[in-house]
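Enquirer: Take this structure, written in structure tokens, and hold onto it; I'll ask about it next.
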Amino acid sequence: MEIALHGIGVSPGIAIGPAKTFGLDSLEIPQYKVTGPEAELERFTQAVDDVRQDLVRLREKTAKEAGEYNASIFDAHIMVLDDVTLHEEISQRVREEGFNVEYILNDLISQQAAIMETIEDPSFRDRMGDILDVGRRILGRLLNTELESLEHLDEPAIIVAHELSPSDTAKIDLKNARGIITDMSGPTSHTAILARAFAIPAVVGLKNAGAHIHPGDTIILDGSAGRVFIRPNEETLARYQDRQEQEEQQLEALQALQTSCATTCTLDGHEVPLMANIELPVEVTDQLKRKADGVGLYRTEYLFLNRTSLPTEEEQYQAYASVVEAMNPLPVTLRTLDLGGDKFASHIPLAEELNPQLGWRAVRFCLERPDIFKAQLRAILRASIHGNVQVMFPLISGLDELLRVKEVFNDVCADLQRRSVAFRKDIKIGCMIEVPSAVAVADHLARNCDFFSIGTNDLIQYSLAVDRVNEKIAHMYEPGHPAVLRMLQQTVAAAREAGIPCSICGEMAGAPLFTEVLVGLGMTSLSMSMVAIPQVRAELMSIRLDEAKETAAKTTQMGLVEDVRGYLQQRHEDRHALQTSIQQYSRADDAAKVRTK
Amino acid sequence: MKEVTEELAIVNNLGMHARPAATLVQTVLEFESDVTIQKNGREVNAKSIMGLLTLAAAQGSRVTVTCKGPDAEEAMEAVRTLFETGFGE
């Protein structure tokens, strides 16, 4: 019987394949009678001691690098090792039941996990997860094996897990992982970030999908719609196979175009660099360097998410330097911490906010926590000597805030200089434009920074007062709204007046429908997820700057969203028809070349 | 054998999450008495961090603390101080 489930789509695309279930449930825990309970308990004590040593080492390292407060979180973990209930229960049950200690411990972990399921408050549930992790570490020691890993999959498969830890996710066999579905996790989980980074379709938050799935079951997942089908019937399967095939064909056609004549110029020779948005250092691959002209947005939140302590300056430095060095000489624009709002760091106690999008986040948070902010800036500055770095600040709402941020930045520079730490003194600093008030005072901001980068996702949401997560009004989130276009126009005008570049790094930049109007408005570069680059490049190569300017002038004068959409759609289709003929022409041209050889 | 029981409230922002629970365990381990905590009909050993966390005691929730043993009163005194000072957070 087909089962259809709905979760949160966190990485787009369609995947079809056999299920590879992962988790302790599928791990073979041996169960056998033991003759001497004392020897068995001795093994347990030994395993606990080994794990304690690991944790103490981790605690010391954290205390040294991130301070005592952050290290103290490990006290709770170490305490679990000595937990009276744990030891009493293990000892009592091994003696009474006479089974091996792995079996008893695993049973105890399952019981605790079941209790955890009933806890409604997510912050307590997450902490319990940490605690269970300690139990699993002991189990791993006892079994004297690395717990099951996803490092080598035998065949292309869809990974099905209750939850994936950061270390599980980091090891996933990327060649064979077609898709990922998990019961737990949300859009900012490590799993989601990694899946997006590697363009692996993923759906999370399915609650109890694992219970319905057996290893090898056929699974369809649609990462765009957040849908999952377990053991689909023939009709569903055929429908999704068709859709998958269509998407692949489109991609192939674009990639063919890409390699045959790749430029980032319009038909009339106006160059608009296409940059990539990245979240993880591992995203910087040879392929990325071939496709993108640089990194236009390097989000740094992943370093702070899904962990119990703050990342150290050194750890941040290593991460930033690796990206900067790998991209060199291409530019990398780092965005400082955009924490809070929809993103959440489990180790920084943030009170629940009624309206987190309008709350204590990004530079507002950083200015209140100079310890965190300065450590990040030091790491960025130190990384700057490895290549071409720019830094930008999110959620600036006005000149006061920009100046305060610059003051902190200058303090950090002076401090490094005093300590003779090397950094690039010519590093450019930019202001993100994503709050409507920043647009209104863009002239002031432009005179006080080196570049603008417009974050359209937030700018649209704030300008139109639309929460995209609210299904009732999500359709009102409209990049083609004349008000949005005018705000972009006003921002670019201020940048031009001050003689600084203005790029755009929201999802709008990756939508081919808007490429012409964005170029026409005067954006100096476009930054998008890597998967969008081929489409936008194809679009860019089919437009003319003079026509684009006209499109921008016309659409910013329109009153109705419908008119803007219709106009852009029409132009897009006209170009598409033209593009197809160019493609045919270039193929004929290639064929002719082959014949003349 | 002395036994004392008191109802106490959780006042710190985040409730009894990992760090406060760890502090509580460390404190009660110094006493000989058995200390148990009850919330919504569930009772756990206050010397067990796993037990404490399963209570999911958020800010504002009330729990019943029972100390049983030769130093029950001193133990209760220490526990009460911890609760009242928000576990030192």
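FYI, nothing fancy with the structure tokens labels: chains A, B, ... in order, residues from 1 per chain, ligands from 1 as they appear.
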Show me which bits of chain B are within 10 Å of chain A, counting only C-alpha atoms, as a ChimeraX atom specification.
Expert: /B:13-23,25-26,29,44-51,53-58
Enquirer: Select from chain B everything DSSP, run on the backbone, classes as alpha helix (DSSP H), then give the selection as number ranges by chain.
Expert: B: 18-29, 49-54, 72-84
Enquirer: Take atom CA of Glu38 of chain A and atom CA of Glu97 of chain A and report the distance between them in Å, one decimal.
Expert: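 According to the coordinates, atom CA of Glu38 of chain A and atom CA of Glu97 of chain A are separated by 13.1 Å.
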Enquirer: Quick one: of A:Pro482, A:Ile158, A:Pro512, A:Ala195, who's nearest to Asp563 of chain A, counting only C-alpha atoms?
Expert: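 Nearest candidate to Asp563 of chain A out of A:Pro482, A:Ile158, A:Pro512, A:Ala195: A:Pro482.
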Enquirer: Give the strand (DSSP E or B) residues of segment 460-582 of chain A, as assigned by DSSP on the backbone, as a list in words.
Expert: Cys502, Ser503, Ile504, Ser525, Leu526, Ser527, Met528 and Ser529 of chain A
Enquirer: Leaving out Val65 of chain B and any residue of its chain fewer than 2 positions from it, which residues lie within 6 Å of it when counting only C-alpha atoms, given as a VMD selection string?
Expert: chain B and resid 5 to 6 36 to 37
Enquirer: With all heavy atoms retained, could you export that selection as a short mmCIF file (atom, residue, chain, number, x, y, z; two decimals), in the first residue's frame?
Expert:
```
data_model
loop_
_atom_site.label_atom_id
_atom_site.label_comp_id
_atom_site.auth_asym_id
_atom_site.auth_seq_id
_atom_site.Cartn_x
_atom_site.Cartn_y
_atom_site.Cartn_z
N THR B 5 9.53 17.52 53.23
CA THR B 5 8.98 17.71 51.89
C THR B 5 8.62 19.18 51.70
O THR B 5 8.10 19.82 52.61
CB THR B 5 7.71 16.85 51.71
OG1 THR B 5 8.09 15.49 51.80
CG2 THR B 5 7.07 17.09 50.35
N GLU B 6 8.97 19.71 50.49
CA GLU B 6 8.62 21.11 50.21
C GLU B 6 8.25 21.26 48.75
O GLU B 6 8.76 20.53 47.91
CB GLU B 6 9.82 22.02 50.51
CG GLU B 6 9.71 22.75 51.81
CD GLU B 6 10.91 23.65 52.06
OE1 GLU B 6 11.23 24.46 51.16
OE2 GLU B 6 11.51 23.53 53.15
N THR B 36 14.39 13.14 46.29
CA THR B 36 13.58 12.84 45.10
C THR B 36 12.79 14.08 44.70
O THR B 36 12.49 14.95 45.54
CB THR B 36 12.56 11.71 45.36
OG1 THR B 36 11.75 12.09 46.47
CG2 THR B 36 13.26 10.40 45.65
N ILE B 37 12.49 14.15 43.41
CA ILE B 37 11.71 15.28 42.91
C ILE B 37 10.51 14.75 42.15
O ILE B 37 10.62 13.83 41.35
CB ILE B 37 12.58 16.17 41.99
CG1 ILE B 37 13.74 16.71 42.81
CG2 ILE B 37 11.76 17.29 41.37
CD1 ILE B 37 14.42 17.91 42.27
#
```
Enquirer: What does the structure give for the distance between atom CA of Glu252 of chain A and atom CA of Arg565 of chain A, in Å to one decimal?
Expert: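 Interatomic distance, atom CA of Glu252 of chain A to atom CA of Arg565 of chain A: 27.3 Å.
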Enquirer: With a distance cut-off of 10 Å and only C-alpha atoms, select the neighbouring residues of Ala9 of chain B, excluding the residue or stretch itself and same-chain residues fewer than 6 positions from it, and output the selection as a list in words.
Expert: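 Answer for this query is Gly15, Ala57, Ala58, Gln59, Gly60, Ser61, Arg62, Val63, Thr64, Arg80, Phe83, Glu84 and Gly86 of chain B.
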Enquirer: Next, dump the selected residues to file, keeping only N, CA and C atoms, as a JSON list (two decimals), in the first residue's frame.
Expert:
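Output file selection.json is given in full below:
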```
[["chain", "number", "residue", "atom", "x", "y", "z"],
["B", 15, "GLY", "N", 14.45, 27.13, 32.68],
["B", 15, "GLY", "CA", 13.95, 25.95, 33.38],
["B", 15, "GLY", "C", 15.10, 25.05, 33.76],
["B", 57, "ALA", "N", 11.17, 20.28, 33.35],
["B", 57, "ALA", "CA", 10.60, 21.32, 34.21],
["B", 57, "ALA", "C", 10.95, 22.70, 33.67],
["B", 58, "ALA", "N", 9.98, 23.36, 33.06],
["B", 58, "ALA", "CA", 10.21, 24.67, 32.46],
["B", 58, "ALA", "C", 10.07, 25.76, 33.51],
["B", 59, "GLN", "N", 10.43, 26.99, 33.11],
["B", 59, "GLN", "CA", 10.29, 28.11, 34.03],
["B", 59, "GLN", "C", 8.84, 28.23, 34.48],
["B", 60, "GLY", "N", 8.66, 28.48, 35.77],
["B", 60, "GLY", "CA", 7.30, 28.64, 36.29],
["B", 60, "GLY", "C", 6.68, 27.34, 36.79],
["B", 61, "SER", "N", 7.28, 26.20, 36.46],
["B", 61, "SER", "CA", 6.65, 24.95, 36.94],
["B", 61, "SER", "C", 7.02, 24.72, 38.40],
["B", 62, "ARG", "N", 6.15, 23.96, 39.09],
["B", 62, "ARG", "CA", 6.38, 23.69, 40.51],
["B", 62, "ARG", "C", 6.64, 22.20, 40.69],
["B", 63, "VAL", "N", 7.59, 21.91, 41.58],
["B", 63, "VAL", "CA", 7.92, 20.51, 41.82],
["B", 63, "VAL", "C", 7.89, 20.25, 43.34],
["B", 64, "THR", "N", 7.73, 18.97, 43.69],
["B", 64, "THR", "CA", 7.75, 18.62, 45.11],
["B", 64, "THR", "C", 9.06, 17.90, 45.42],
["B", 80, "ARG", "N", 16.75, 24.23, 48.39],
["B", 80, "ARG", "CA", 15.89, 25.42, 48.35],
["B", 80, "ARG", "C", 16.68, 26.64, 47.87],
["B", 83, "PHE", "N", 17.17, 26.50, 44.12],
["B", 83, "PHE", "CA", 15.96, 26.85, 43.38],
["B", 83, "PHE", "C", 15.71, 28.35, 43.43],
["B", 84, "GLU", "N", 15.87, 28.92, 44.63],
["B", 84, "GLU", "CA", 15.55, 30.35, 44.80],
["B", 84, "GLU", "C", 16.51, 31.25, 44.03],
["B", 86, "GLY", "N", 17.79, 30.52, 41.23],
["B", 86, "GLY", "CA", 17.75, 30.15, 39.81],
["B", 86, "GLY", "C", 18.97, 29.33, 39.41]]
```
Enquirer: Quick one: everything within 6 Å of Lys2 of chain B, counting only C-alpha atoms, minus sequence neighbours fewer than 3 positions away in the same chain. Send it as a ChimeraX atom specification.
Expert: /B:68-70
Enquirer: What's around Gly98 of chain A at 7 Å? Count only C-alpha atoms, leave out sequence neighbours fewer than 5 positions away in its own chain, and write the answer as an MDAnalysis selection string.
Expert: chainID A and resid 33:34 37
Enquirer: Can you work out the spacing between atom CA of Asn208 of chain A and atom CA of Asp183 of chain A in Å, to one decimal?
Expert: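 Calculated distance between atom CA of Asn208 of chain A and atom CA of Asp183 of chain A is 5.6 Å.
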Enquirer: Pick out the closest residue to Met558 of chain A from this set: A:Ala577, A:Val536, A:Gly480, A:Cys413. Count only C-alpha atoms.
Expert: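 The closest residue to Met558 of chain A is A:Gly480.
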